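So the structure is just underneath, and the comments pick up after that.
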Amino acid sequence: MIRYFSTNEQAPPVGLREALWRGQAPDRGLYLPEHFPQLDRPTRAWMREASYPEIAARVLQPYVAGLLREEELLQICREAYDFPVPLEPVRGQSRVFILRLDRGPTASFKDFAARWMARVLGRLVQQEGRPLTILTATSGDTGSAVASAFHGVPGIRVVVLFPRGEVSDRQRRQMTTLGGNIHAVAIEGKFDDCQAMVKQAFADPGLQSLQLSSANSINIGRLLPQMVYYFYAASRVADVDEPVLLVVPSGNFGNMMGAVIARRMGLPVHRLLVPVNGNDEFPRYLATGRYEKVEPSRACLSNAMNVGHPSNLARLVAVYGGRMGETGRVHREPDWARLRRELWSISVSDEETRAAIRAAWSEHGLLLEPHGAVAWHGYQQYRQEEPFGDLPALVLETAHPAKFPEEIERLLGFRPEAPASLAGLDQRPESYDRLPPRYEVFRDYLRALPAP
Ligand SMILES: *Cc1c(COP(=O)(O)O)cnc(C)c1O
């Protein structure tokens with residue numbers, strides 16, 4: 001059975017149940033599997049004919065062994081992944097595909113993780129018979145994906161903190177129109193304030209009776225399902241042993257970590273490109289080896305990536321043999337040669353993002369929103385700098401363009417059609433609370449919440 005260790009190396013390793021339940025390790029580190037099971041060639045060849053839920057169950061099975069039976073896991077994957085996962089070939093470019101991860105109920109890639117995790121945690125709560133409070137900070141899409149995935153799950157209540165001025169109307173409405181066991185809280189501050197308050201709550205012994213857990217990319221349960229679509233997509237566009245180029249627009253680096261782990265499990269990856277927006281701490285770190293957060297984080301067009309100090313960086317450093325504390329201090333250097341060989345990053349400005357949306361549309365008839373456009377720009381830049389022959393490239397589109405109707409209309413002159421899941425949102429009544437970015441106020445708020 002796989003155990004999960006803390007990136008801070010001060011807390012003992014635990015099983016998946018405890019890692020899921022806690023979210024963050026008691027030493028404030030993040031959990032990571034102690035080893036990565038290998039998916040051998042025959043298994044990867046099998047994937048070419050398998051469905052998305054079948055691939056998901058196969059990839060995730062070793063991680064949940066002991067917690068869920070195989071049929072149970074397959075059932076969960078079938079329920080969670082009941083929407084399409086399109087791979088759109090890019091017109092005029094050979095073997096370049098947009099992997100559209102935006103067809104879930106909240107139209108962002110976060111549905112993949114949130115829907116799986118809600119079902120797994122729902123089962124744990126039933127098994128253990130004690131209620132759970134999910135606490136999560138969001139810069140846009142985590143909150144809505146988590147809220148939608150957990151809405152109505154018995155025994156679980158969700159508290160989601162979002163920066164009041166930094167989420168779009170639609171993003172906010174996706175969190176504030178559910179009600180029931182979903183409590184949305186607007187913080188008068190930035191995403192980093194929200195994340196800091198959530199972290200402090202987890203470390204607060206005075207809140208232990210609440211059974212707090214996270215559904216951020218802090219939680220290993222959010223990370224594991226994010227490996228699956230890399231295997232799935234590669235099985236559709238590449239030969240079994242053929243490496244793919246992966247392009248993952250990144251903020252808190254949970255999505256990227258899915259790719260890093262998939263590669264360690266045996267997925268052939270030529271290189272992993274991780275374009276970011278104006279929050280450029282990662283490309284600078286990769287270039288200089290010196291880590292400096294962006295503080296406060298910068299408000300960019302691709303708002304779900306406005307992260308100045310990504311929590312998952314500690315995980316990346318750990319996978320490459322180093323140790324980074326939760327404040328960003330490096331206690332042991334990672335294997336820089338390997339890190340730089342396998343990863344590449346670039347900071348993409350808002351101006352470049354807008355230009356990429358225009359160019360993708362006019363040159364390829366490709367409709368992208370700001371997050372996918374950051375990836376597209378990064379991909380174009382990389383192709384010029386480092387030719388990679390005819391290997392297939394997978395560029396991730398992480399949100400549906402209809403989530404950014406004003407921006408798309410300004411740039412392209414039309415409004416993208418909203419998928420059924422987003423339509424009607426504007427008519428539903430909203431309800432949410434507002435708090436200042438002060439931990440003491442938030443703690444009192446949590447203590448006063450009604451039982452789930
Ligand atoms: C969350 C999010 C990202 C960034 O993902 P990370 O795992 O935080 O790097 C990118 N695009 C969209 C649309 C998102 O919602």
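Chain labels follow the order of the structure tokens: the first chain is A, the next B, and so on; residue numbering restarts at 1 in every chain, and ligands are counted from 1 in their shown order.
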I need the strand (DSSP E or B) residues of stretch 192-248 of chain A per DSSP on the backbone, written as a VMD selection string.
chain A and resid 212 to 214 244 to 247
Contacts with ligand 1 at most 7 Å, only C-alpha atoms and all ligand atoms counted, listed as a count of residues only:
20
Here is a test: counting only C-alpha atoms, which residue of A:Leu178, A:Ala137, A:Val146, A:Val85 is nearest to A:Asp192?
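Among A:Leu178, A:Ala137, A:Val146, A:Val85, it is A:Ala137 that comes nearest to A:Asp192.
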Contacts of A:Pro205 within 12 Å, only C-alpha atoms, excl. fewer than 5 positions in-chain, as a compact mmCIF listing (two decimals) with N, CA, C and O atoms, in the first residue's frame:
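Generated file (around-v9.txt):
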```txt
# COMPACT_ATOMS: atom_id res chain seq x y z
N PRO A 26 0.55 17.73 9.47
CA PRO A 26 0.65 18.50 10.71
C PRO A 26 1.89 19.39 10.79
O PRO A 26 1.89 20.37 11.53
N GLN A 200 -3.92 28.99 8.01
CA GLN A 200 -3.88 29.25 9.45
C GLN A 200 -4.97 28.47 10.17
O GLN A 200 -4.74 27.94 11.26
N LEU A 210 -13.80 20.88 14.49
CA LEU A 210 -14.57 21.07 13.26
C LEU A 210 -14.26 20.03 12.18
O LEU A 210 -14.97 19.96 11.18
N GLN A 211 -13.20 19.23 12.34
CA GLN A 211 -12.81 18.27 11.29
C GLN A 211 -12.63 18.98 9.95
O GLN A 211 -13.36 18.71 8.99
N LEU A 212 -11.64 19.85 9.91
CA LEU A 212 -11.40 20.60 8.68
C LEU A 212 -10.62 19.75 7.68
O LEU A 212 -9.72 19.03 8.04
N ARG A 443 -12.10 32.95 12.04
CA ARG A 443 -12.21 31.84 13.01
C ARG A 443 -13.58 31.89 13.71
O ARG A 443 -14.25 30.88 13.86
```
Separation of atom CA of A:Ser347 and atom CA of A:Tyr285, in Å?
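Here the two named atoms are 11.6 Å from each other.
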Write out as a list in words each polymer residue whose atoms come within 12 Å of A:Gly92, counting only C-alpha atoms; drop sequence neighbours fewer than 6 positions from it.
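Residues near the query, excluding close chain neighbours: Ala360, Ser362, Glu363, His364, Gly365 and Leu366 of chain A.
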Please provide the set of residues having any atom within 6 Å of stretch 29-31 of chain A, restricted to only C-alpha atoms, with same-chain residues fewer than 4 positions apart removed, written as a list of chain:residue names.
A:Tyr4, A:Phe5, A:Ser6, A:Thr7, A:Asn8, A:Gln24, A:Ala25
Selection from above, all heavy atoms, as a compact mmCIF listing (two decimals), in the first residue's frame, can you write it?
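Final file, part.txt:
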```
# COMPACT_ATOMS: atom_id res chain seq x y z
N TYR A 4 1.99 8.15 2.21
CA TYR A 4 2.16 9.53 1.77
C TYR A 4 3.01 10.28 2.80
O TYR A 4 2.71 10.27 3.98
CB TYR A 4 0.78 10.19 1.61
CG TYR A 4 0.00 9.51 0.51
CD1 TYR A 4 -0.67 8.29 0.74
CD2 TYR A 4 -0.02 10.02 -0.79
CE1 TYR A 4 -1.33 7.63 -0.28
CE2 TYR A 4 -0.69 9.36 -1.80
CZ TYR A 4 -1.34 8.18 -1.55
OH TYR A 4 -1.99 7.53 -2.56
N PHE A 5 4.11 10.87 2.32
CA PHE A 5 5.00 11.59 3.23
C PHE A 5 4.77 13.10 3.11
O PHE A 5 4.23 13.57 2.11
CB PHE A 5 6.47 11.23 2.95
CG PHE A 5 7.02 11.85 1.68
CD1 PHE A 5 7.74 13.03 1.72
CD2 PHE A 5 6.82 11.23 0.44
CE1 PHE A 5 8.26 13.61 0.55
CE2 PHE A 5 7.33 11.78 -0.72
CZ PHE A 5 8.04 12.98 -0.68
N SER A 6 5.21 13.83 4.13
CA SER A 6 5.06 15.28 4.12
C SER A 6 6.31 15.92 3.51
O SER A 6 7.43 15.55 3.85
CB SER A 6 4.86 15.81 5.54
OG SER A 6 5.11 17.21 5.55
N THR A 7 6.11 16.92 2.64
CA THR A 7 7.26 17.59 2.00
C THR A 7 8.15 18.27 3.05
O THR A 7 9.31 18.54 2.77
CB THR A 7 6.79 18.65 0.99
OG1 THR A 7 5.86 19.51 1.64
CG2 THR A 7 6.14 18.00 -0.22
N ASN A 8 7.63 18.56 4.23
CA ASN A 8 8.48 19.17 5.26
C ASN A 8 9.29 18.14 6.03
O ASN A 8 10.16 18.50 6.83
CB ASN A 8 7.64 20.01 6.23
CG ASN A 8 7.35 21.39 5.66
OD1 ASN A 8 7.91 21.77 4.63
ND2 ASN A 8 6.48 22.15 6.32
N GLN A 24 -3.60 19.11 4.72
CA GLN A 24 -2.21 19.47 4.94
C GLN A 24 -1.62 18.61 6.06
O GLN A 24 -2.33 18.23 6.98
CB GLN A 24 -2.16 20.94 5.35
CG GLN A 24 -0.82 21.57 5.24
CD GLN A 24 -0.87 23.05 5.53
OE1 GLN A 24 -1.79 23.55 6.17
NE2 GLN A 24 0.12 23.78 5.06
N ALA A 25 -0.34 18.29 5.97
CA ALA A 25 0.31 17.51 7.02
C ALA A 25 0.45 18.36 8.28
O ALA A 25 0.48 19.58 8.19
CB ALA A 25 1.68 17.02 6.54
```
Long-range neighbours of stretch 243-248 of chain A as a short mmCIF file (atom, residue, chain, number, x, y, z; two decimals) with all heavy atoms, in the first residue's frame, 7 Å cut-off, only C-alpha atoms, 6 positions minimum in chain:
```cif
data_model
loop_
_atom_site.label_atom_id
_atom_site.label_comp_id
_atom_site.auth_asym_id
_atom_site.auth_seq_id
_atom_site.Cartn_x
_atom_site.Cartn_y
_atom_site.Cartn_z
N ALA A 234 -2.45 11.27 -24.31
CA ALA A 234 -1.30 10.69 -25.01
C ALA A 234 -1.72 9.41 -25.72
O ALA A 234 -1.29 9.13 -26.84
CB ALA A 234 -0.16 10.42 -24.02
N MET A 256 0.19 20.99 -13.15
CA MET A 256 1.54 20.60 -13.54
C MET A 256 2.01 19.38 -12.74
O MET A 256 2.63 18.47 -13.30
CB MET A 256 2.51 21.74 -13.30
CG MET A 256 3.94 21.31 -13.51
SD MET A 256 5.13 22.37 -12.67
CE MET A 256 4.86 21.91 -10.98
N PRO A 268 5.70 8.64 -21.41
CA PRO A 268 6.83 9.27 -22.10
C PRO A 268 6.52 10.75 -22.40
O PRO A 268 5.57 11.06 -23.11
CB PRO A 268 6.95 8.48 -23.41
CG PRO A 268 6.09 7.25 -23.23
CD PRO A 268 5.03 7.62 -22.25
N VAL A 269 7.31 11.63 -21.81
CA VAL A 269 7.11 13.07 -21.99
C VAL A 269 8.40 13.67 -22.54
O VAL A 269 9.47 13.48 -21.96
CB VAL A 269 6.75 13.76 -20.65
CG1 VAL A 269 6.62 15.27 -20.85
CG2 VAL A 269 5.45 13.20 -20.09
N HIS A 270 8.29 14.35 -23.65
CA HIS A 270 9.47 15.02 -24.22
C HIS A 270 9.89 16.16 -23.31
O HIS A 270 11.02 16.25 -22.86
CB HIS A 270 9.14 15.52 -25.63
CG HIS A 270 10.21 16.37 -26.22
ND1 HIS A 270 11.43 15.86 -26.58
CD2 HIS A 270 10.25 17.71 -26.50
CE1 HIS A 270 12.18 16.85 -27.06
NE2 HIS A 270 11.49 17.97 -27.01
N ARG A 271 8.95 17.04 -23.03
CA ARG A 271 9.20 18.13 -22.10
C ARG A 271 7.87 18.67 -21.61
O ARG A 271 6.87 18.59 -22.30
CB ARG A 271 9.98 19.25 -22.79
CG ARG A 271 10.93 19.93 -21.84
CD ARG A 271 11.98 20.67 -22.57
NE ARG A 271 12.93 21.24 -21.63
CZ ARG A 271 13.76 22.23 -21.95
NH1 ARG A 271 13.74 22.74 -23.16
NH2 ARG A 271 14.60 22.70 -21.06
N LEU A 272 7.91 19.19 -20.40
CA LEU A 272 6.72 19.76 -19.79
C LEU A 272 6.88 21.27 -19.77
O LEU A 272 7.76 21.79 -19.09
CB LEU A 272 6.58 19.18 -18.38
CG LEU A 272 5.51 19.75 -17.46
CD1 LEU A 272 4.12 19.68 -18.09
CD2 LEU A 272 5.51 18.99 -16.13
N LEU A 273 6.04 21.96 -20.55
CA LEU A 273 6.10 23.42 -20.58
C LEU A 273 5.06 23.96 -19.61
O LEU A 273 3.90 23.56 -19.66
CB LEU A 273 5.80 23.98 -21.98
CG LEU A 273 6.44 23.33 -23.21
CD1 LEU A 273 6.19 24.18 -24.44
CD2 LEU A 273 7.92 23.12 -22.99
N VAL A 274 5.48 24.90 -18.76
CA VAL A 274 4.54 25.47 -17.80
C VAL A 274 4.54 26.99 -17.89
O VAL A 274 5.14 27.68 -17.07
CB VAL A 274 4.82 25.02 -16.34
CG1 VAL A 274 4.20 23.69 -16.06
CG2 VAL A 274 6.31 24.94 -16.03
N PRO A 275 3.84 27.51 -18.91
CA PRO A 275 3.71 28.96 -19.01
C PRO A 275 2.88 29.51 -17.85
O PRO A 275 1.92 28.88 -17.41
CB PRO A 275 2.97 29.16 -20.34
CG PRO A 275 3.10 27.86 -21.07
CD PRO A 275 3.16 26.82 -20.01
N ALA A 375 -1.06 29.35 -22.38
CA ALA A 375 -0.42 28.11 -22.82
C ALA A 375 -0.05 28.18 -24.29
O ALA A 375 1.05 27.81 -24.68
CB ALA A 375 -1.36 26.92 -22.57
N TYR A 379 3.62 27.86 -25.91
CA TYR A 379 3.91 26.82 -26.88
C TYR A 379 4.57 27.40 -28.14
O TYR A 379 5.57 26.89 -28.63
CB TYR A 379 2.63 26.06 -27.23
CG TYR A 379 2.77 25.23 -28.47
CD1 TYR A 379 3.55 24.09 -28.45
CD2 TYR A 379 2.14 25.60 -29.65
CE1 TYR A 379 3.72 23.33 -29.61
CE2 TYR A 379 2.29 24.86 -30.80
CZ TYR A 379 3.08 23.73 -30.78
OH TYR A 379 3.25 23.00 -31.91
N LEU A 391 7.04 15.44 -32.97
CA LEU A 391 6.39 14.83 -31.81
C LEU A 391 5.04 15.50 -31.57
O LEU A 391 4.87 16.69 -31.83
CB LEU A 391 7.26 15.02 -30.56
CG LEU A 391 8.60 14.30 -30.56
CD1 LEU A 391 9.37 14.61 -29.27
CD2 LEU A 391 8.40 12.79 -30.70
N PRO A 392 4.07 14.73 -31.07
CA PRO A 392 2.77 15.35 -30.80
C PRO A 392 2.84 16.32 -29.63
O PRO A 392 3.56 16.08 -28.66
CB PRO A 392 1.86 14.16 -30.46
CG PRO A 392 2.74 12.98 -30.29
CD PRO A 392 4.09 13.29 -30.81
N ALA A 393 2.08 17.42 -29.75
CA ALA A 393 2.02 18.41 -28.67
C ALA A 393 0.59 18.49 -28.15
O ALA A 393 -0.36 18.50 -28.92
CB ALA A 393 2.47 19.77 -29.18
N LEU A 394 0.46 18.52 -26.83
CA LEU A 394 -0.84 18.65 -26.19
C LEU A 394 -0.86 19.96 -25.42
O LEU A 394 -0.12 20.13 -24.44
CB LEU A 394 -1.08 17.49 -25.22
CG LEU A 394 -1.25 16.11 -25.86
CD1 LEU A 394 -1.05 15.01 -24.83
CD2 LEU A 394 -2.63 16.02 -26.50
N VAL A 395 -1.70 20.89 -25.87
CA VAL A 395 -1.81 22.19 -25.20
C VAL A 395 -3.12 22.21 -24.44
O VAL A 395 -4.19 22.00 -25.02
CB VAL A 395 -1.77 23.33 -26.25
CG1 VAL A 395 -1.81 24.68 -25.56
CG2 VAL A 395 -0.54 23.21 -27.14
N LEU A 396 -3.06 22.45 -23.13
CA LEU A 396 -4.26 22.35 -22.32
C LEU A 396 -5.07 23.65 -22.35
O LEU A 396 -4.53 24.74 -22.14
CB LEU A 396 -3.91 22.02 -20.86
CG LEU A 396 -3.78 20.53 -20.53
CD1 LEU A 396 -2.73 19.86 -21.38
CD2 LEU A 396 -3.49 20.33 -19.05
#
```
Go through A:His331, A:Arg298, A:Arg119, A:Arg157 and flag the residue nearest A:Leu74, using only C-alpha atoms for the distances.
A:Arg119
A:Gly152 environment, 9 Å, only C-alpha atoms, sequence neighbours closer than 6 positions dropped, as a short mmCIF file (atom, residue, chain, number, x, y, z; two decimals) with N, CA, C and O atoms, in the first residue's frame:
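File written: around.cif
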```cif
data_model
loop_
_atom_site.label_atom_id
_atom_site.label_comp_id
_atom_site.auth_asym_id
_atom_site.auth_seq_id
_atom_site.Cartn_x
_atom_site.Cartn_y
_atom_site.Cartn_z
N GLY A 180 -27.60 25.68 0.57
CA GLY A 180 -27.54 24.38 1.26
C GLY A 180 -26.25 24.24 2.05
O GLY A 180 -25.92 25.10 2.88
N ASN A 181 -25.49 23.20 1.75
CA ASN A 181 -24.25 22.94 2.51
C ASN A 181 -23.05 23.74 1.98
O ASN A 181 -21.93 23.51 2.40
N ILE A 182 -23.28 24.67 1.06
CA ILE A 182 -22.19 25.46 0.48
C ILE A 182 -22.20 26.89 1.03
O ILE A 182 -23.16 27.63 0.82
#
```
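Among the candidate residues A:Gln171, A:Thr136, A:Asn277, A:Ser144, the one lying nearest to A:Ala215 is A:Thr136, with distances computed using only C-alpha atoms.
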If I take atom CA of A:Ser349 and atom CA of A:Gly258, how far is one from the other in Å, to one decimal?
24.9 Å
Would you tabulate, counting only C-alpha atoms, all residues of stretch 44-136 of chain A that have an atom at most 8 Å from an atom of stretch 223-226 of chain A, showing the closest pair of atoms and their distance in Å to one decimal, sorted by chain then ascending number, as CSV?
```
residue,atom,partner,partner_atom,distance
A:Ala56,CA,A:Pro225,CA,7.3
A:Leu60,CA,A:Leu224,CA,7.0
A:Phe112,CA,A:Pro225,CA,6.6
A:Ala113,CA,A:Pro225,CA,5.3
A:Trp116,CA,A:Pro225,CA,7.1
```
Using atom CA of A:Thr133 and atom CA of A:Ser297 as the two end points, give the distance in Å to one decimal.
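Going from atom CA of A:Thr133 over to atom CA of A:Ser297 covers 27.5 Å.
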Between A:Leu368, A:Met227, A:Ile346, A:Met117, which residue has the minimum interatomic distance to A:Tyr52, considering only C-alpha atoms?
A:Met227
Could you check the closest approach to A:Glu34 for each of A:Gly325, A:Pro370, A:Gly289, A:Pro13 and tell me which residue wins, using only C-alpha atoms?
A:Pro13
